[in-house]
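What follows is coords_1.pdb (PDB, C-alpha atoms, pLDDT in the B column).
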```pdb
ATOM      1  CA  MET A1023     -86.980  50.692 -15.372  1.00 91.00           C
ATOM      2  CA  ALA A1024     -83.767  50.051 -17.291  1.00 92.00           C
ATOM      3  CA  ILE A1025     -81.667  51.023 -14.264  1.00 93.00           C
ATOM      4  CA  ASP A1026     -83.753  48.789 -11.983  1.00 95.00           C
ATOM      5  CA  GLU A1027     -83.247  45.824 -14.319  1.00 94.00           C
ATOM      6  CA  ALA A1028     -79.519  46.580 -14.585  1.00 93.00           C
ATOM      7  CA  LEU A1029     -79.226  46.589 -10.785  1.00 94.00           C
ATOM      8  CA  LEU A1030     -80.896  43.165 -10.733  1.00 95.00           C
ATOM      9  CA  HIS A1031     -78.255  41.788 -13.095  1.00 94.00           C
ATOM     10  CA  GLU A1032     -75.486  43.518 -11.120  1.00 94.00           C
ATOM     11  CA  SER A1033     -76.747  41.930  -7.901  1.00 95.00           C
ATOM     12  CA  ASN A1034     -76.860  38.514  -9.579  1.00 96.00           C
ATOM     13  CA  ARG A1035     -73.306  39.017 -10.867  1.00 95.00           C
ATOM     14  CA  THR A1036     -71.662  40.421  -7.730  1.00 94.00           C
ATOM     15  CA  GLY A1037     -73.900  39.535  -4.779  1.00 95.00           C
ATOM     16  CA  ALA A1038     -74.303  43.231  -3.909  1.00 93.00           C
ATOM     17  CA  ALA A1039     -77.575  44.689  -2.624  1.00 93.00           C
ATOM     18  CA  PHE A1040     -79.069  48.011  -3.700  1.00 94.00           C
ATOM     19  CA  LEU A1041     -81.803  50.383  -2.535  1.00 95.00           C
ATOM     20  CA  ARG A1042     -82.856  52.995  -5.091  1.00 95.00           C
ATOM     21  CA  LEU A1043     -85.403  55.796  -4.572  1.00 96.00           C
ATOM     22  CA  TYR A1044     -86.556  57.942  -7.497  1.00 97.00           C
ATOM     23  CA  ARG A1045     -89.410  59.903  -9.099  1.00 96.00           C
ATOM     24  CA  TRP A1046     -90.804  60.410 -12.589  1.00 96.00           C
ATOM     25  CA  ASP A1047     -90.553  63.461 -14.852  1.00 95.00           C
ATOM     26  CA  PRO A1048     -92.766  63.609 -16.826  1.00 95.00           C
ATOM     27  CA  PRO A1049     -95.458  61.365 -15.250  1.00 97.00           C
ATOM     28  CA  CYS A1050     -95.643  57.935 -16.857  1.00 97.00           C
ATOM     29  CA  LEU A1051     -97.949  54.933 -17.178  1.00 96.00           C
ATOM     30  CA  SER A1052     -96.338  51.521 -16.672  1.00 96.00           C
ATOM     31  CA  PHE A1053     -97.619  48.053 -17.572  1.00 96.00           C
ATOM     32  CA  GLY A1054     -96.661  44.848 -15.777  1.00 95.00           C
ATOM     33  CA  ARG A1055     -94.195  42.578 -17.567  1.00 92.00           C
ATOM     34  CA  ASN A1056     -96.793  40.060 -18.763  1.00 92.00           C
ATOM     35  CA  GLU A1057     -99.897  42.243 -18.675  1.00 94.00           C
ATOM     36  CA  PRO A1058    -102.097  41.921 -21.828  1.00 94.00           C
ATOM     37  CA  SER A1059    -102.008  45.648 -22.566  1.00 92.00           C
ATOM     38  CA  LEU A1060    -103.417  45.381 -26.085  1.00 91.00           C
ATOM     39  CA  THR A1061    -106.655  43.852 -24.831  1.00 92.00           C
ATOM     40  CA  ARG A1062    -106.931  45.811 -21.576  1.00 93.00           C
ATOM     41  CA  TYR A1063    -106.074  49.323 -22.753  1.00 95.00           C
ATOM     42  CA  ASP A1064    -106.983  51.605 -25.641  1.00 95.00           C
ATOM     43  CA  ARG A1065    -103.697  52.417 -27.378  1.00 95.00           C
ATOM     44  CA  ALA A1066    -105.289  55.164 -29.452  1.00 96.00           C
ATOM     45  CA  GLU A1067    -106.566  56.868 -26.288  1.00 96.00           C
ATOM     46  CA  VAL A1068    -103.150  56.558 -24.634  1.00 96.00           C
ATOM     47  CA  GLU A1069    -101.556  58.230 -27.661  1.00 95.00           C
ATOM     48  CA  ARG A1070    -104.313  60.876 -27.908  1.00 97.00           C
ATOM     49  CA  ARG A1071    -103.573  61.885 -24.318  1.00 96.00           C
ATOM     50  CA  GLY A1072     -99.838  61.965 -25.034  1.00 96.00           C
ATOM     51  CA  LEU A1073     -99.024  59.699 -22.085  1.00 97.00           C
ATOM     52  CA  ASP A1074     -95.479  58.539 -21.540  1.00 96.00           C
ATOM     53  CA  LEU A1075     -95.455  54.761 -21.347  1.00 95.00           C
ATOM     54  CA  VAL A1076     -93.165  51.899 -20.296  1.00 95.00           C
ATOM     55  CA  ARG A1077     -93.437  48.180 -19.562  1.00 95.00           C
ATOM     56  CA  ARG A1078     -91.854  47.106 -16.272  1.00 95.00           C
ATOM     57  CA  PRO A1079     -89.413  44.195 -15.870  1.00 94.00           C
ATOM     58  CA  THR A1080     -91.635  42.998 -12.972  1.00 95.00           C
ATOM     59  CA  GLY A1081     -95.206  41.719 -13.047  1.00 92.00           C
ATOM     60  CA  GLY A1082     -98.461  43.180 -11.766  1.00 90.00           C
ATOM     61  CA  ARG A1083    -100.927  45.571 -13.349  1.00 91.00           C
ATOM     62  CA  ALA A1084    -100.857  49.140 -14.602  1.00 93.00           C
ATOM     63  CA  VAL A1085     -99.558  51.993 -12.429  1.00 95.00           C
ATOM     64  CA  TRP A1086     -99.779  55.741 -13.040  1.00 96.00           C
ATOM     65  CA  HIS A1087     -96.468  57.209 -11.820  1.00 97.00           C
ATOM     66  CA  ASP A1088     -96.957  60.844 -10.878  1.00 97.00           C
ATOM     67  CA  GLN A1089     -96.985  62.090  -7.283  1.00 97.00           C
ATOM     68  CA  GLU A1090     -95.054  59.261  -5.673  1.00 97.00           C
ATOM     69  CA  VAL A1091     -91.800  57.839  -4.402  1.00 98.00           C
ATOM     70  CA  THR A1092     -90.706  54.845  -6.451  1.00 98.00           C
ATOM     71  CA  TYR A1093     -88.427  52.411  -4.650  1.00 97.00           C
ATOM     72  CA  ALA A1094     -86.335  49.559  -6.007  1.00 97.00           C
ATOM     73  CA  VAL A1095     -84.527  46.837  -4.058  1.00 96.00           C
ATOM     74  CA  ALA A1096     -82.129  44.532  -5.895  1.00 96.00           C
ATOM     75  CA  ALA A1097     -80.457  41.938  -3.693  1.00 95.00           C
ATOM     76  CA  PRO A1098     -79.342  38.308  -3.443  1.00 96.00           C
ATOM     77  CA  ILE A1099     -82.242  35.925  -2.816  1.00 97.00           C
ATOM     78  CA  LEU A1100     -80.400  34.370   0.134  1.00 96.00           C
ATOM     79  CA  THR A1101     -80.406  37.760   1.894  1.00 92.00           C
ATOM     80  CA  PHE A1102     -84.212  38.017   2.023  1.00 93.00           C
ATOM     81  CA  GLY A1103     -85.483  34.436   1.578  1.00 94.00           C
ATOM     82  CA  THR A1104     -88.552  33.227  -0.307  1.00 94.00           C
ATOM     83  CA  LEU A1105     -90.743  35.473  -2.413  1.00 93.00           C
ATOM     84  CA  ARG A1106     -93.258  35.894   0.421  1.00 92.00           C
ATOM     85  CA  GLU A1107     -90.504  36.429   3.010  1.00 95.00           C
ATOM     86  CA  SER A1108     -88.703  39.052   0.939  1.00 95.00           C
ATOM     87  CA  TYR A1109     -91.951  40.801   0.042  1.00 94.00           C
ATOM     88  CA  ARG A1110     -92.926  41.005   3.694  1.00 94.00           C
ATOM     89  CA  THR A1111     -89.482  42.068   4.963  1.00 95.00           C
ATOM     90  CA  ILE A1112     -89.216  44.937   2.497  1.00 96.00           C
ATOM     91  CA  HIS A1113     -92.774  46.059   3.213  1.00 97.00           C
ATOM     92  CA  GLU A1114     -92.156  45.926   6.961  1.00 96.00           C
ATOM     93  CA  ARG A1115     -89.227  48.313   6.502  1.00 96.00           C
ATOM     94  CA  LEU A1116     -91.259  50.660   4.306  1.00 97.00           C
ATOM     95  CA  ALA A1117     -94.224  50.576   6.707  1.00 98.00           C
ATOM     96  CA  ALA A1118     -91.897  51.448   9.595  1.00 97.00           C
ATOM     97  CA  ALA A1119     -90.656  54.452   7.615  1.00 97.00           C
ATOM     98  CA  LEU A1120     -94.225  55.609   6.969  1.00 98.00           C
ATOM     99  CA  ARG A1121     -95.134  55.235  10.642  1.00 98.00           C
ATOM    100  CA  ARG A1122     -92.174  57.489  11.369  1.00 96.00           C
ATOM    101  CA  LEU A1123     -94.060  60.177   9.432  1.00 97.00           C
ATOM    102  CA  GLY A1124     -97.262  59.555  11.393  1.00 98.00           C
ATOM    103  CA  VAL A1125     -98.923  57.212   8.882  1.00 98.00           C
ATOM    104  CA  PRO A1126    -100.692  54.257  10.611  1.00 98.00           C
ATOM    105  CA  ALA A1127     -99.363  51.791   8.047  1.00 97.00           C
ATOM    106  CA  LEU A1128    -100.012  48.049   8.417  1.00 96.00           C
ATOM    107  CA  LEU A1129     -99.421  44.938   6.324  1.00 96.00           C
ATOM    108  CA  ALA A1130    -102.516  43.316   4.800  1.00 91.00           C
ATOM    109  CA  ALA A1131    -103.357  39.775   5.832  1.00 86.00           C
ATOM    110  CA  HIS A1132    -103.029  37.067   3.188  1.00 68.00           C
ATOM    111  CA  PRO A1133    -106.497  36.276   1.754  1.00 54.00           C
ATOM    112  CA  SER A1134    -107.749  32.707   1.530  1.00 39.00           C
ATOM    113  CA  VAL A1135    -109.078  33.346  -1.982  1.00 41.00           C
ATOM    114  CA  ARG A1136    -107.026  34.713  -4.889  1.00 44.00           C
ATOM    115  CA  PRO A1137    -108.299  38.133  -6.096  1.00 42.00           C
ATOM    116  CA  ALA A1138    -110.282  38.130  -9.361  1.00 43.00           C
ATOM    117  CA  ASP A1139    -108.443  38.936 -12.575  1.00 44.00           C
ATOM    118  CA  TYR A1140    -110.701  41.769 -13.731  1.00 44.00           C
ATOM    119  CA  PRO A1141    -109.160  44.828 -11.967  1.00 42.00           C
ATOM    120  CA  THR A1142    -106.822  46.710 -14.300  1.00 47.00           C
ATOM    121  CA  ALA A1143    -104.991  48.916 -11.806  1.00 52.00           C
ATOM    122  CA  CYS A1144    -102.226  47.826  -9.471  1.00 53.00           C
ATOM    123  CA  PHE A1145    -103.952  49.755  -6.686  1.00 51.00           C
ATOM    124  CA  SER A1146    -107.377  48.164  -7.238  1.00 49.00           C
ATOM    125  CA  THR A1147    -107.304  45.641  -4.387  1.00 50.00           C
ATOM    126  CA  PRO A1148    -104.926  44.994  -1.462  1.00 48.00           C
ATOM    127  CA  VAL A1149    -103.465  41.494  -1.299  1.00 50.00           C
ATOM    128  CA  GLY A1150    -101.538  39.741   1.450  1.00 62.00           C
ATOM    129  CA  GLY A1151     -98.403  41.456   2.731  1.00 86.00           C
ATOM    130  CA  GLU A1152     -99.060  44.801   1.045  1.00 92.00           C
ATOM    131  CA  ILE A1153     -98.963  48.098   2.920  1.00 96.00           C
ATOM    132  CA  ILE A1154    -102.390  49.486   3.772  1.00 95.00           C
ATOM    133  CA  VAL A1155    -103.917  52.329   5.765  1.00 96.00           C
ATOM    134  CA  ALA A1156    -107.528  51.860   6.928  1.00 92.00           C
ATOM    135  CA  GLY A1157    -107.895  48.959   4.469  1.00 91.00           C
ATOM    136  CA  LYS A1158    -106.627  50.905   1.433  1.00 93.00           C
ATOM    137  CA  LYS A1159    -103.365  50.398  -0.423  1.00 94.00           C
ATOM    138  CA  VAL A1160    -100.776  53.144  -0.156  1.00 96.00           C
ATOM    139  CA  VAL A1161     -97.913  51.171  -1.734  1.00 96.00           C
ATOM    140  CA  GLY A1162     -98.056  48.939  -4.822  1.00 93.00           C
ATOM    141  CA  SER A1163     -95.178  46.509  -5.425  1.00 95.00           C
ATOM    142  CA  ALA A1164     -94.034  43.747  -7.757  1.00 94.00           C
ATOM    143  CA  GLN A1165     -91.066  41.399  -7.885  1.00 95.00           C
ATOM    144  CA  VAL A1166     -89.036  39.395 -10.396  1.00 96.00           C
ATOM    145  CA  ARG A1167     -86.229  36.893  -9.824  1.00 97.00           C
ATOM    146  CA  HIS A1168     -83.187  36.243 -12.003  1.00 96.00           C
ATOM    147  CA  GLY A1169     -80.535  33.691 -11.122  1.00 97.00           C
ATOM    148  CA  ALA A1170     -79.461  34.219  -7.518  1.00 97.00           C
ATOM    149  CA  ALA A1171     -80.963  37.718  -7.203  1.00 97.00           C
ATOM    150  CA  PHE A1172     -84.327  39.453  -7.163  1.00 97.00           C
ATOM    151  CA  LEU A1173     -85.721  42.886  -7.961  1.00 97.00           C
ATOM    152  CA  GLN A1174     -88.662  44.346  -6.075  1.00 97.00           C
ATOM    153  CA  HIS A1175     -89.886  47.799  -6.883  1.00 94.00           C
ATOM    154  CA  GLY A1176     -93.037  49.744  -6.240  1.00 96.00           C
ATOM    155  CA  SER A1177     -94.837  53.051  -5.851  1.00 97.00           C
ATOM    156  CA  ILE A1178     -95.522  54.915  -2.600  1.00 98.00           C
ATOM    157  CA  LEU A1179     -98.386  57.292  -3.338  1.00 97.00           C
ATOM    158  CA  LEU A1180     -97.801  60.846  -2.121  1.00 98.00           C
ATOM    159  CA  GLY A1181    -100.883  62.392  -3.736  1.00 97.00           C
ATOM    160  CA  GLY A1182    -102.958  62.439  -6.924  1.00 94.00           C
ATOM    161  CA  SER A1183    -104.929  59.418  -8.115  1.00 92.00           C
ATOM    162  CA  GLN A1184    -104.834  56.388 -10.407  1.00 91.00           C
ATOM    163  CA  ASP A1185    -107.938  57.539 -12.327  1.00 91.00           C
ATOM    164  CA  VAL A1186    -106.095  57.848 -15.641  1.00 93.00           C
ATOM    165  CA  ILE A1187    -105.989  54.030 -15.803  1.00 93.00           C
ATOM    166  CA  ALA A1188    -109.786  53.825 -15.842  1.00 91.00           C
ATOM    167  CA  ALA A1189    -109.854  56.501 -18.547  1.00 92.00           C
ATOM    168  CA  ILE A1190    -107.713  54.441 -20.954  1.00 94.00           C
ATOM    169  CA  SER A1191    -109.148  51.004 -20.104  1.00 93.00           C
ATOM    170  CA  ARG A1192    -111.190  49.151 -22.732  1.00 91.00           C
ATOM    171  CA  ARG A1193    -113.729  48.046 -20.118  1.00 84.00           C
ATOM    172  CA  PRO A1194    -114.723  49.582 -16.788  1.00 74.00           C
ATOM    173  CA  ALA A1195    -111.986  49.237 -14.202  1.00 64.00           C
ATOM    174  CA  ALA A1196    -112.633  48.120 -10.660  1.00 57.00           C
ATOM    175  CA  ILE A1197    -113.070  50.849  -8.063  1.00 55.00           C
ATOM    176  CA  THR A1198    -109.598  51.871  -6.958  1.00 65.00           C
ATOM    177  CA  GLN A1199    -109.118  51.048  -3.292  1.00 80.00           C
ATOM    178  CA  ALA A1200    -106.088  53.262  -2.836  1.00 90.00           C
ATOM    179  CA  THR A1201    -105.163  56.149  -0.603  1.00 94.00           C
ATOM    180  CA  THR A1202    -102.280  58.617  -0.562  1.00 97.00           C
ATOM    181  CA  LEU A1203    -100.032  59.986   2.145  1.00 98.00           C
ATOM    182  CA  ALA A1204    -101.547  63.427   1.562  1.00 98.00           C
ATOM    183  CA  GLU A1205    -105.031  62.039   2.228  1.00 97.00           C
ATOM    184  CA  VAL A1206    -103.934  60.220   5.361  1.00 97.00           C
ATOM    185  CA  LEU A1207    -101.883  63.044   6.874  1.00 98.00           C
ATOM    186  CA  ARG A1208    -104.102  65.832   5.483  1.00 97.00           C
ATOM    187  CA  ARG A1209    -101.119  67.784   4.255  1.00 98.00           C
ATOM    188  CA  SER A1210     -98.719  67.835   1.358  1.00 97.00           C
ATOM    189  CA  VAL A1211     -96.007  65.187   1.658  1.00 98.00           C
ATOM    190  CA  THR A1212     -92.729  65.621  -0.216  1.00 98.00           C
ATOM    191  CA  PHE A1213     -90.475  63.121  -1.942  1.00 98.00           C
ATOM    192  CA  ASP A1214     -87.530  64.207   0.210  1.00 97.00           C
ATOM    193  CA  GLU A1215     -89.214  63.572   3.565  1.00 97.00           C
ATOM    194  CA  VAL A1216     -90.389  60.098   2.562  1.00 98.00           C
ATOM    195  CA  ALA A1217     -86.985  59.223   1.100  1.00 96.00           C
ATOM    196  CA  ALA A1218     -85.267  60.412   4.291  1.00 96.00           C
ATOM    197  CA  ALA A1219     -87.628  58.325   6.441  1.00 97.00           C
ATOM    198  CA  ILE A1220     -86.921  55.206   4.353  1.00 96.00           C
ATOM    199  CA  VAL A1221     -83.158  55.653   4.507  1.00 94.00           C
ATOM    200  CA  GLY A1222     -83.363  56.436   8.229  1.00 93.00           C
ATOM    201  CA  THR A1223     -85.232  53.224   9.057  1.00 93.00           C
ATOM    202  CA  TRP A1224     -83.731  50.850   6.475  1.00 90.00           C
ATOM    203  CA  GLY A1225     -80.783  49.630   8.514  1.00 75.00           C
ATOM    204  CA  GLY A1226     -77.328  48.794   7.242  1.00 63.00           C
ATOM    205  CA  ALA A1227     -75.304  50.772   4.746  1.00 55.00           C
ATOM    206  CA  VAL A1228     -77.258  52.540   1.998  1.00 56.00           C
ATOM    207  CA  PRO A1229     -75.249  53.486  -1.130  1.00 55.00           C
ATOM    208  CA  SER A1230     -75.202  57.220  -1.854  1.00 50.00           C
ATOM    209  CA  ALA A1231     -75.461  56.584  -5.595  1.00 55.00           C
ATOM    210  CA  CYS A1232     -76.172  53.743  -8.008  1.00 64.00           C
ATOM    211  CA  PRO A1233     -73.132  52.110  -9.598  1.00 67.00           C
ATOM    212  CA  THR A1234     -72.478  52.553 -13.290  1.00 68.00           C
ATOM    213  CA  VAL A1235     -74.336  49.679 -14.950  1.00 71.00           C
ATOM    214  CA  ARG A1236     -75.120  48.722 -18.521  1.00 73.00           C
ATOM    215  CA  GLN A1237     -78.775  49.481 -19.296  1.00 74.00           C
ATOM    216  CA  SER A1238     -81.011  47.750 -21.812  1.00 79.00           C
ATOM    217  CA  ASP A1239     -82.584  49.842 -24.592  1.00 79.00           C
ATOM    218  CA  SER A1240     -85.646  47.584 -24.803  1.00 84.00           C
ATOM    219  CA  PHE A1241     -87.679  49.794 -22.449  1.00 86.00           C
ATOM    220  CA  ARG A1242     -87.664  52.563 -25.074  1.00 84.00           C
ATOM    221  CA  SER A1243     -89.177  50.266 -27.701  1.00 87.00           C
ATOM    222  CA  PRO A1244     -92.930  50.389 -28.505  1.00 86.00           C
ATOM    223  CA  GLY A1245     -92.492  46.780 -29.619  1.00 86.00           C
ATOM    224  CA  TRP A1246     -91.618  45.808 -26.043  1.00 84.00           C
ATOM    225  CA  THR A1247     -94.231  48.090 -24.468  1.00 89.00           C
ATOM    226  CA  TRP A1248     -97.104  46.827 -26.647  1.00 91.00           C
ATOM    227  CA  ARG A1249     -95.768  43.301 -27.182  1.00 85.00           C
ATOM    228  CA  ARG A1250     -99.027  41.730 -26.018  1.00 84.00           C
TER
END
```
Re-express the file's structure as structure tokens.
Amino acid sequence: MAIDEALLHESNRTGAAFLRLYRWDPPCLSFGRNEPSLTRYDRAEVERRGLDLVRRPTGGRAVWHDQEVTYAVAAPILTFGTLRESYRTIHERLAAALRRLGVPALLAAHPSVRPADYPTACFSTPVGGEIIVAGKKVVGSAQVRHGAAFLQHGSILLGGSQDVIAAISRRPAAITQATTLAEVLRRSVTFDEVAAAIVGTWGGAVPSACPTVRQSDSFRSPGWTWRR
């Protein structure tokens, strides 16, 4: 999360664009930037389970990062346009990469009614422009804007489930309407093959490594993680 935020500031400073693909070790639970974690989740249960925890620089709801590919795009706003335009463009590229693997990925239509606030998991309900397979989310994303740049990052589910979020929620969570690439393709799907498909369909130059950037220490702080 600290690297993603640093790339956002680097893009704002220099006008450069970045695509970053990574995974989590150990698995980790993340909260959205402004999510009311203290009222939604049982901190004692989180600590009893020994879960690693972080609060994202972007919005949205909780995500369990385990068997997945996490992507991050930091770029000038002028390169991708409005929030909806950038969201859709990035998801179109990711969906094309998944179709390359045989996944019948589509973008969800924009609903006429805003989803209710009660679901606690990012993968609870598809919303407009998100990547779905047979009506279920396979990618969860969020975005934040700073100055002339934006950061969008998200999780592409390879396998596993988001059930841990229901287990640490203070009230029953909505039924998770998510699927995984393993479920869709009925085989194990690796990080490397998904990353290769994304790079192969992205278009343009893709940096081989992230630049050296100054990272914030705030993401290590329980005060930031449980700030609300």
Exercise. Please evaluate the PyMOL selection byres ((chain A and resi 1031) around 12) against the structure above and give the resulting residues as number ranges by chain.
Key: A: 1024-1030, 1032-1040, 1079, 1096-1098, 1166-1173, 1235-1238
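Applied to the shown file, the PyMOL selection byres ((chain A and resi 1080) around 7) selects the residues Gly1054, Arg1055, Arg1078, Pro1079, Gly1081, Gly1082, Ala1164, Gln1165 and Val1166 of chain A.
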Practice problem: Convert the output of the PyMOL selection byres ((chain A and resi 1222) around 12) on the shown file into explicit residues, formatted as a PyMOL selection string. | Solution: chain A and resi 1115-1116+1118-1120+1122-1123+1214-1221+1223-1228
Quiz item: atom CA of A:Leu1041 and atom CA of A:Ala1094 are how many Å apart?
Solution: 5.8 Å
Quiz item: Got a sec: who's within 9 Å of A:Phe1053, counting only C-alpha atoms, leaving out chain neighbours fewer than 4 positions off, as a list in words?
Solution: Glu1057, Pro1058, Ser1059, Leu1075, Val1076, Arg1077, Arg1078, Gly1081, Gly1082, Arg1083, Ala1084, Val1085 and Thr1247 of chain A
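Here the question is which of A:Val1211, A:Ala1066, A:Ile1153, A:Leu1105 gets nearest to A:Leu1128 using only C-alpha atoms, and that residue is A:Ile1153.
Residues surrounding A:Pro1049 within 8 Å are A:Trp1046, A:Asp1047, A:Leu1051, A:Leu1073, A:Asp1074, A:Trp1086, A:His1087, A:Asp1088 [only C-alpha atoms; sequence separation below 2 positions excluded].
Here atom CA of A:Ala1200 stands at a distance of 11.7 Å from atom CA of A:Glu1152.
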Quiz prompt | A:Gly1176 environment, 8 Å, all atoms listed in the file, sequence neighbours closer than 3 positions dropped, as a VMD selection string | solution = chain A and resid 1092 to 1094 1161 to 1164
